[in-house]
Amino acid sequence: MRKIKYIPILVPLVLIFAFTSCSLIVSSHESPSSSVTVNLPSRSRFMTYRAEEVIQTETSQGTSSSSSSSSSQTTETSGSENFTIKYNLILATDDGKTYDKITGHEEGPAVFKEVQEGTYKISVQALDPNDNIFATGQSELFQVTGDRESIVDILLYLLKFTVSFDANGGSGSLESTIITGTNQFMVPYIFGIEPPAEYVFTGWALSPSAQEPDYLPNQIITLTKDITLYALWSDINASVSSFAELKSAIESGKRNITLCNDINIDEDFTITASDSLPVKINGDSSYHITASGKNLSFTYVEFSNGYSNSDAGGMIEITGSSWLTLTECTFNNCSTSGGSYTCGGTIYVEDSSLYVNGCSFTYSSEELKAAENGGFIYIGSGAGTIIISASTFSGGYASKGGAIYTLSNADIGGSGEWEGCTFQNSIASSNGGAIYAGNASAIEINIRNTYFDSNSSTGDESHDIYSNKATITIDEYSLSYDMGIRRENIACKKIN
């Protein structure tokens with residue numbers, strides 16, 4: 001059977017007593033014949049950390065006051081005899097009920113020996129196996145004089161704390177938590193509390209006006225008293241001019257980010273948001289993001305108004321063996337200009353890999369081509385793995401490839417029922433209303449489960465796909481809504 005340690009400590013004395021069970025049996029004072037089982041933490045122990053002598057002194061005004069000193073100190077008394085203090089621990093409850101001493105103590109009451117005459121009180125802490133306090137007690141003041149032995153009863157109370165929560169400007173509420181029998185508390189999230197408009201939760205503070213959180217969700221804290229935790233909010237808007245500022249904004253919970261300069265990402269970087277709380281990055285119709293030789297991953301990020309005046313990638317430009325992963329992202333109204341050979345109105349890929357899944361690309365203006373080549377995505381020669389699945393391209397506008405222009409092998413669509421892509425309402429003023437593949441180069445494009453609707457090419461009849469020496473494989477499940485028939489009549493023009 002597990003042992004529960006009972007450790008009274010009186011500096012410099014240490015005495016150890018063992019209990020025989022982790023459930024302590026006590027008898028009620030109110031009804032001597034009844035008993036109750038009190039379940040305390042397994043292998044609990046009780047530490048008497050102070051037997052304190054209270055010394056009567058005279059103040060300068062002639063009135064009496066008291067001060068304390070450790071019982072290990074020596075005070076002058078009428079004699080030099082040593083005395084013994086014995087004490088019993090008595091479990092008590094908040095409603096005033098008390099119980100007899102804890103049984104199972106094989107050696108009787110705990111003992112302080114060789115105590116000198118004086119006025120004392122004893123304090124006790126009950127510790128769990130991790131040395132966390134779960135109960136405390138303190139004796140009344142008592143005199144050690146005359147009789148050689150004093151016996152003291154100490155009421156032991158389980159710790160009890162109340163943690164309250166204040167929305168601090170948010171809406172809703174979180175019920176107070178009462179913690180009993182421990183001083184350890186895990187800080188919760190703001191369940192039931194909604195943040196103010198345009199703000200995000202950053203943590204809990206002990207003051208409503210705090211600038212930084214004192215505690216974060218899931219942090220374990222040690223309580224010493226009842227506390228109120230105030231929700232701390234931070235403005236979700238941020239303007240950034242460098243990658244360091246972008247990274248800091250994301251780490252601090254900003255969700256509406258405006259670029260004030262072109263941002264070069266110089267380390268591997270990930271943004272993972274959620275469907276209900278996406279991160280929004282706005283290029284302010286002036287700026288875009290670049291990376292070379294880095295791994296970038298964006299999940300549930302809404303990109304808009306990206307612009308590049310360097311010919312490439314209105315929102316994102318990757319080169320130098322980078323890897324770009326886009327999952328459940330949206331891109332709207334991104335474009336590039338600056339020369340006669342602009343590429344990738346939204347994304348430019350050169351000597352790098354691209355994985356796109358569950359994304360949406362839209363462009364709402366026909367007044368200006370998003371790019372010369374690839375209204376949404378340009379894939380240069382020598383690219384690595386290119387996989388585009390379960391994504392929608394709508395309203396792209398370019399000279400060649402209203403949605404995608406590729407000079408490298410690519411897989412578009414997917415084998416699963418819901419993994420196909422949709423190309424609709426995209427326009428090419430020259431060739432390939434939706435897709436332009438190859439430029440007198442032998443590449444392979446695999447298209448699966450993909451649908452083409454209302455795309456057009458004003459330069460020829462390649463309204464959906466234009467192939468310039470590219471091998472196009474289109475599965476039987478791909479469909480052109482314009483013609484209402486399957487792959488063999490998709491508006492595809494191929495130059496051998």
# chains A, B, ... in the order shown; residues from 1 in each chain; ligands from 1

call {"tool": "closest_atom_pairs", "arguments": {"of": "stretch 190-255 of chain A", "to": "stretch 124-146 of chain A", "cutoff": "12 Å", "atoms": "only C-alpha atoms", "output": "Markdown table"}}
result
| residue | atom | partner | partner_atom | distance |
| --- | --- | --- | --- | --- |
| A:Ile221 | CA | A:Asn132 | CA | 11.2 |
| A:Thr222 | CA | A:Asn132 | CA | 8.6 |
| A:Leu223 | CA | A:Ile133 | CA | 9.8 |
| A:Thr224 | CA | A:Ile133 | CA | 10.0 |

call {"tool": "select_by_dssp", "arguments": {"residues": "stretch 72-256 of chain A", "states": "strand (DSSP E)", "output": "number ranges by chain"}}
result
A: 82-92, 98-101, 110-116, 118-127, 133-138, 142-144, 149-158, 160-166, 171-172, 177-180, 184-186, 193-194, 199-205, 220-222, 227-235, 237-240, 256

call {"tool": "residues_around", "arguments": {"residues": "A:Thr458", "least_positions_apart": "4", "cutoff": "8 Å", "atoms": "only C-alpha atoms", "output": "list in words"}}
result
Ile427, Ala428, Ser429, Ser430 and Asn431 of chain A

call {"tool": "atom_distance", "arguments": {"atom1": "atom CA of A:Lys469", "atom2": "atom CA of A:Ile443"}}
result
7.4 Å

call {"tool": "decode", "arguments": {"residues": "stretch 178-202 of chain A", "atoms": "N, CA and C atoms", "output": "compact mmCIF listing (two decimals), in the first residue's frame"}}
result
# COMPACT_ATOMS: atom_id res chain seq x y z
N ILE A 178 -13.33 27.82 -9.46
CA ILE A 178 -12.95 27.60 -8.07
C ILE A 178 -12.00 26.41 -8.02
N ILE A 179 -10.82 26.63 -7.47
CA ILE A 179 -9.80 25.59 -7.39
C ILE A 179 -9.68 25.18 -5.93
N THR A 180 -9.84 23.89 -5.66
CA THR A 180 -9.80 23.38 -4.29
C THR A 180 -8.74 22.30 -4.17
N GLY A 181 -7.97 22.36 -3.11
CA GLY A 181 -7.01 21.31 -2.82
C GLY A 181 -5.75 21.37 -3.65
N THR A 182 -5.48 22.51 -4.28
CA THR A 182 -4.24 22.69 -5.02
C THR A 182 -3.98 24.18 -5.20
N ASN A 183 -2.74 24.52 -5.42
CA ASN A 183 -2.41 25.91 -5.75
C ASN A 183 -1.97 26.04 -7.20
N GLN A 184 -2.17 24.97 -7.98
CA GLN A 184 -1.79 24.97 -9.38
C GLN A 184 -3.03 25.19 -10.26
N PHE A 185 -2.89 26.03 -11.29
CA PHE A 185 -4.03 26.36 -12.15
C PHE A 185 -3.54 26.52 -13.58
N MET A 186 -4.24 25.85 -14.50
CA MET A 186 -3.93 25.99 -15.93
C MET A 186 -4.79 27.09 -16.52
N VAL A 187 -4.15 28.09 -17.09
CA VAL A 187 -4.84 29.24 -17.65
C VAL A 187 -5.62 28.82 -18.90
N PRO A 188 -6.90 29.18 -19.00
CA PRO A 188 -7.71 28.74 -20.14
C PRO A 188 -7.63 29.70 -21.32
N TYR A 189 -8.23 29.28 -22.44
CA TYR A 189 -8.43 30.16 -23.58
C TYR A 189 -9.68 30.98 -23.30
N ILE A 190 -10.04 31.91 -24.21
CA ILE A 190 -11.17 32.82 -23.97
C ILE A 190 -12.50 32.22 -24.44
N PHE A 191 -12.74 30.95 -24.15
CA PHE A 191 -13.99 30.34 -24.58
C PHE A 191 -15.18 31.13 -24.03
N GLY A 192 -16.09 31.51 -24.94
CA GLY A 192 -17.27 32.27 -24.51
C GLY A 192 -17.10 33.77 -24.61
N ILE A 193 -15.90 34.23 -24.91
CA ILE A 193 -15.64 35.67 -25.02
C ILE A 193 -15.23 35.98 -26.46
N GLU A 194 -15.88 36.97 -27.06
CA GLU A 194 -15.54 37.41 -28.41
C GLU A 194 -14.72 38.70 -28.33
N PRO A 195 -13.70 38.81 -29.16
CA PRO A 195 -12.86 40.02 -29.12
C PRO A 195 -13.60 41.22 -29.69
N PRO A 196 -13.20 42.43 -29.32
CA PRO A 196 -13.75 43.62 -29.97
C PRO A 196 -13.42 43.60 -31.46
N ALA A 197 -14.19 44.34 -32.24
CA ALA A 197 -13.96 44.39 -33.68
C ALA A 197 -12.54 44.85 -33.99
N GLU A 198 -11.90 44.16 -34.92
CA GLU A 198 -10.54 44.49 -35.37
C GLU A 198 -9.47 44.26 -34.30
N TYR A 199 -9.78 43.38 -33.33
CA TYR A 199 -8.79 43.05 -32.30
C TYR A 199 -8.64 41.54 -32.19
N VAL A 200 -7.52 41.12 -31.64
CA VAL A 200 -7.24 39.71 -31.46
C VAL A 200 -6.78 39.47 -30.02
N PHE A 201 -7.11 38.33 -29.46
CA PHE A 201 -6.73 37.97 -28.09
C PHE A 201 -5.25 37.62 -28.04
N THR A 202 -4.53 38.22 -27.08
CA THR A 202 -3.09 37.95 -26.95
C THR A 202 -2.72 37.29 -25.64
